[in-house]
$ cat target_37.cif   # mmCIF, C-alpha atoms and all ligand atoms
data_model
loop_
_atom_site.label_atom_id
_atom_site.label_comp_id
_atom_site.auth_asym_id
_atom_site.auth_seq_id
_atom_site.Cartn_x
_atom_site.Cartn_y
_atom_site.Cartn_z
CA MET A 163 71.60 93.35 149.18
CA GLU A 164 74.61 95.61 149.48
CA PRO A 165 74.70 99.15 148.07
CA THR A 166 76.01 99.60 144.58
CA ASN A 167 79.09 101.61 145.54
CA ARG A 168 80.27 98.76 147.78
CA GLU A 169 80.11 96.32 144.88
CA SER A 170 82.42 98.52 142.82
CA GLU A 171 84.84 99.13 145.69
CA PRO A 172 87.03 96.03 145.12
CA LEU A 173 87.21 96.84 141.44
CA GLU A 174 88.23 100.44 142.12
CA ARG A 175 90.83 99.29 144.62
CA ARG A 176 92.17 96.81 142.08
CA ASN A 177 92.34 99.51 139.41
CA PHE A 178 94.12 101.81 141.82
CA LEU A 179 96.65 99.11 142.67
CA ASN A 180 97.16 98.34 138.98
CA VAL A 181 97.86 101.99 138.30
CA VAL A 182 100.30 102.23 141.22
CA LEU A 183 102.07 99.02 140.24
CA GLY A 184 102.14 100.02 136.58
CA ALA A 185 103.68 103.35 137.44
CA GLY A 186 106.26 101.61 139.61
CA VAL A 187 107.17 99.18 136.84
CA ALA A 188 107.34 101.98 134.28
CA GLY A 189 109.53 104.03 136.60
CA THR A 190 111.83 101.09 137.19
CA ILE A 191 112.14 100.35 133.47
CA GLY A 192 112.76 104.02 132.76
CA SER A 193 115.39 104.38 135.46
CA ILE A 194 117.25 101.31 134.16
CA GLY A 195 116.62 101.81 130.46
CA PHE A 196 117.38 105.51 130.16
CA PRO A 197 121.04 105.26 131.25
CA ILE A 198 121.51 102.23 128.98
CA VAL A 199 120.06 104.04 125.99
CA ARG A 200 122.14 107.16 126.77
CA TYR A 201 125.24 104.97 126.97
CA LEU A 202 124.55 103.19 123.69
CA LEU A 203 123.65 106.24 121.62
CA PRO A 204 126.57 108.34 120.42
CA PRO A 205 126.69 111.81 121.88
CA PRO A 206 125.22 114.45 119.65
CA GLU A 207 127.90 115.86 117.42
CA SER A 208 128.01 119.28 118.80
CA ASP A 209 129.23 121.96 116.55
CA ALA A 210 130.36 123.57 119.73
CA ALA A 211 133.66 123.94 118.00
CA PRO A 212 135.24 127.16 119.03
CA ASP A 213 135.55 130.06 116.63
CA ALA A 214 139.23 130.37 117.50
CA VAL A 215 141.90 128.44 119.39
CA VAL A 216 145.35 129.32 120.65
CA ALA A 217 147.76 127.26 118.56
CA ALA A 218 151.16 128.44 119.67
CA LYS A 219 153.16 131.16 121.33
CA GLU A 220 154.93 133.65 119.14
CA GLY A 221 158.34 132.28 118.24
CA GLU A 222 157.40 128.72 119.24
CA LEU A 223 157.48 127.47 115.66
CA PRO A 224 160.74 127.97 113.82
CA PRO A 225 160.51 128.64 110.08
CA ASN A 226 159.88 125.51 108.00
CA SER A 227 157.90 123.65 110.67
CA GLY A 228 154.38 122.68 111.56
CA LYS A 229 152.27 121.79 114.54
CA ILE A 230 149.05 119.83 114.92
CA VAL A 231 146.56 121.30 117.38
CA ARG A 232 142.97 120.57 118.29
CA PHE A 233 140.30 122.82 116.85
CA GLY A 234 137.23 121.62 118.70
CA VAL A 235 136.93 117.95 117.77
CA LYS A 236 139.02 118.30 114.60
CA PRO A 237 142.78 118.39 114.12
CA ALA A 238 144.24 121.53 112.67
CA LEU A 239 147.67 122.17 111.24
CA LEU A 240 149.57 125.38 111.82
CA ILE A 241 152.56 125.73 109.53
CA ARG A 242 155.32 128.28 109.50
CA ARG A 243 156.77 128.55 106.02
CA ALA A 244 160.48 129.00 105.38
CA ASP A 245 159.89 132.73 104.83
CA GLY A 246 158.41 133.00 108.34
CA SER A 247 154.77 133.43 107.25
CA TYR A 248 152.06 131.30 108.82
CA GLY A 249 149.35 129.17 107.27
CA ALA A 250 146.68 127.03 108.87
CA PHE A 251 144.27 124.37 107.72
CA PHE A 252 142.00 121.72 109.10
CA ALA A 253 144.34 118.74 109.09
CA SER A 254 141.86 116.18 107.75
CA CYS A 255 142.93 114.90 104.36
CA THR A 256 140.25 115.46 101.75
CA HIS A 257 140.73 111.91 100.47
CA LEU A 258 139.77 109.70 103.43
CA ASP A 259 140.23 111.96 106.45
CA CYS A 260 143.67 110.88 107.64
CA THR A 261 145.50 113.58 109.53
CA VAL A 262 148.05 115.39 107.39
CA GLN A 263 151.47 116.55 108.60
CA TYR A 264 153.95 119.17 107.57
CA ARG A 265 157.05 117.67 105.92
CA PRO A 266 159.95 120.09 106.37
CA ASP A 267 162.22 117.96 104.17
CA LEU A 268 159.86 118.31 101.19
CA LYS A 269 158.25 121.61 102.22
CA VAL A 270 154.78 120.15 101.62
CA ILE A 271 151.81 119.07 103.66
CA HIS A 272 151.79 115.31 103.46
CA CYS A 273 149.22 112.61 104.04
CA ALA A 274 150.96 109.38 104.90
CA CYS A 275 147.90 107.21 104.31
CA HIS A 276 148.10 107.24 100.50
CA ASN A 277 150.98 109.63 99.87
CA GLY A 278 148.77 112.62 99.21
CA MET A 279 150.45 116.00 99.04
CA TYR A 280 149.32 119.58 99.39
CA ASP A 281 151.31 122.73 98.79
CA LEU A 282 151.79 125.33 101.49
CA GLN A 283 148.57 127.07 100.43
CA GLY A 284 146.69 123.82 101.13
CA ARG A 285 146.12 123.01 97.44
CA ASN A 286 146.09 119.33 96.56
CA VAL A 287 149.07 118.82 94.24
CA SER A 288 149.77 115.10 94.22
CA GLY A 289 148.17 111.78 95.03
CA PRO A 290 144.53 110.96 95.60
CA PRO A 291 143.23 114.00 97.57
CA PRO A 292 140.42 115.46 95.42
CA ARG A 293 140.20 118.92 97.02
CA PRO A 294 142.33 121.48 98.83
CA LEU A 295 142.51 121.49 102.60
CA GLU A 296 140.01 123.67 104.41
CA ARG A 297 141.80 126.85 105.34
CA LEU A 298 141.85 128.57 108.70
CA GLN A 299 142.82 132.13 109.46
CA VAL A 300 145.93 132.82 111.48
CA LYS A 301 145.68 135.75 113.87
CA GLN A 302 147.99 137.14 116.46
CA ARG A 303 146.82 138.27 119.91
CA GLY A 304 149.63 139.52 122.06
CA ASN A 305 152.23 136.79 121.96
CA GLU A 306 149.71 134.09 120.99
CA ILE A 307 149.10 132.68 117.53
CA LEU A 308 145.38 131.97 117.07
CA LEU A 309 143.58 129.89 114.50
CA ALA A 310 140.10 131.01 113.46
CA ARG A 311 137.46 129.86 111.03
CA GLU A 312 137.44 131.71 107.74
CA GLY A 313 134.47 133.82 106.81
S1 LIG B 401 143.61 109.73 103.19
FE1 LIG B 401 145.07 111.19 102.61
S2 LIG B 401 145.78 110.48 100.71
FE2 LIG B 401 144.30 109.05 101.27
#

$ encode --input "target_37.cif" --output "structure tokens"
Amino acid sequence: MEPTNRESEPLERRNFLNVVLGAGVAGTIGSIGFPIVRYLLPPPESDAAPDAVVAAKEGELPPNSGKIVRFGVKPALLIRRADGSYGAFFASCTHLDCTVQYRPDLKVIHCACHNGMYDLQGRNVSGPPPRPLERLQVKQRGNEILLAREG
């Protein structure tokens, strides 16, 4: 009769091989599945939005004009009123998030999606927008016009 540890040897070898093969299969599935899952899932919405962005050079915007710029992942609107003062807002319409534009002919901020209108302080004055635009601060640094979050 053979010793007891010899009887268990094939079983231990089989268990060892099962563990090695299982780890290999798991590694293969992980190495294939992880990139697929990363590709399919949307990237985390980072609020890595900057606190301020350069929107224009001084003198770039003539009075009664506007310019859309990126503020992180959102559009922002810098306007220069007819009196030369600046105003800035996130450019997402408060109705259904279309991007608003400055209309120099009407001297309003206009949303073309449903004809929504805001005054030059960002207040909703006509059409379906339910709230004012979110305001941004306008700052000057050297010859640059900056937009910054309020508060
Ligand atoms: S999305 Fe701007 S008025 Fe509807």

$ residues_near_ligand --input "target_37.cif" --ligand "ligand LIG 401 (chain B)" --cutoff "7 Å" --atoms "only C-alpha atoms and all ligand atoms" --output "list in words"
Cys255, Thr256, His257, Leu258, Asp259, Cys260, Cys273, Ala274, Cys275, His276, Asn277, Gly278, Gly289, Pro290 and Pro291 of chain A

$ closest_residue --input "target_37.cif" --among "A:Gly313, A:Gly249, A:Gly304, A:Pro225" --to "Asp281 (chain A)" --atoms "all atoms listed in the file"
A:Gly249

$ closest_residue --input "target_37.cif" --among "A:Arg311, A:Lys269, A:Arg285, A:Arg297" --to "Gly234 (chain A)" --atoms "only C-alpha atoms"
A:Arg311

$ closest_residue --input "target_37.cif" --among "A:Ile307, A:Val182, A:Leu203, A:Leu295" --to "Lys229 (chain A)" --atoms "only C-alpha atoms"
A:Ile307

$ atom_distance --input "target_37.cif" --atom1 "CA of Phe196 (chain A)" --atom2 "CA of Gly184 (chain A)"
17.4 Å

$ closest_residue --input "target_37.cif" --among "A:Leu309, A:Ala188, A:Leu239, A:Ala214" --to "Ser254 (chain A)" --atoms "all atoms listed in the file"
A:Leu239

$ residues_near_point --input "target_37.cif" --point "(147.4, 135.5, 116.9)" --cutoff "12 Å" --atoms "all atoms listed in the file" --output "PyMOL selection string"
chain A and resi 214-221+240+248-250+299-310

$ closest_residue --input "target_37.cif" --among "A:Arg232, A:Arg293, A:Arg243, A:Arg200" --to "Met279 (chain A)" --atoms "all atoms listed in the file"
A:Arg293
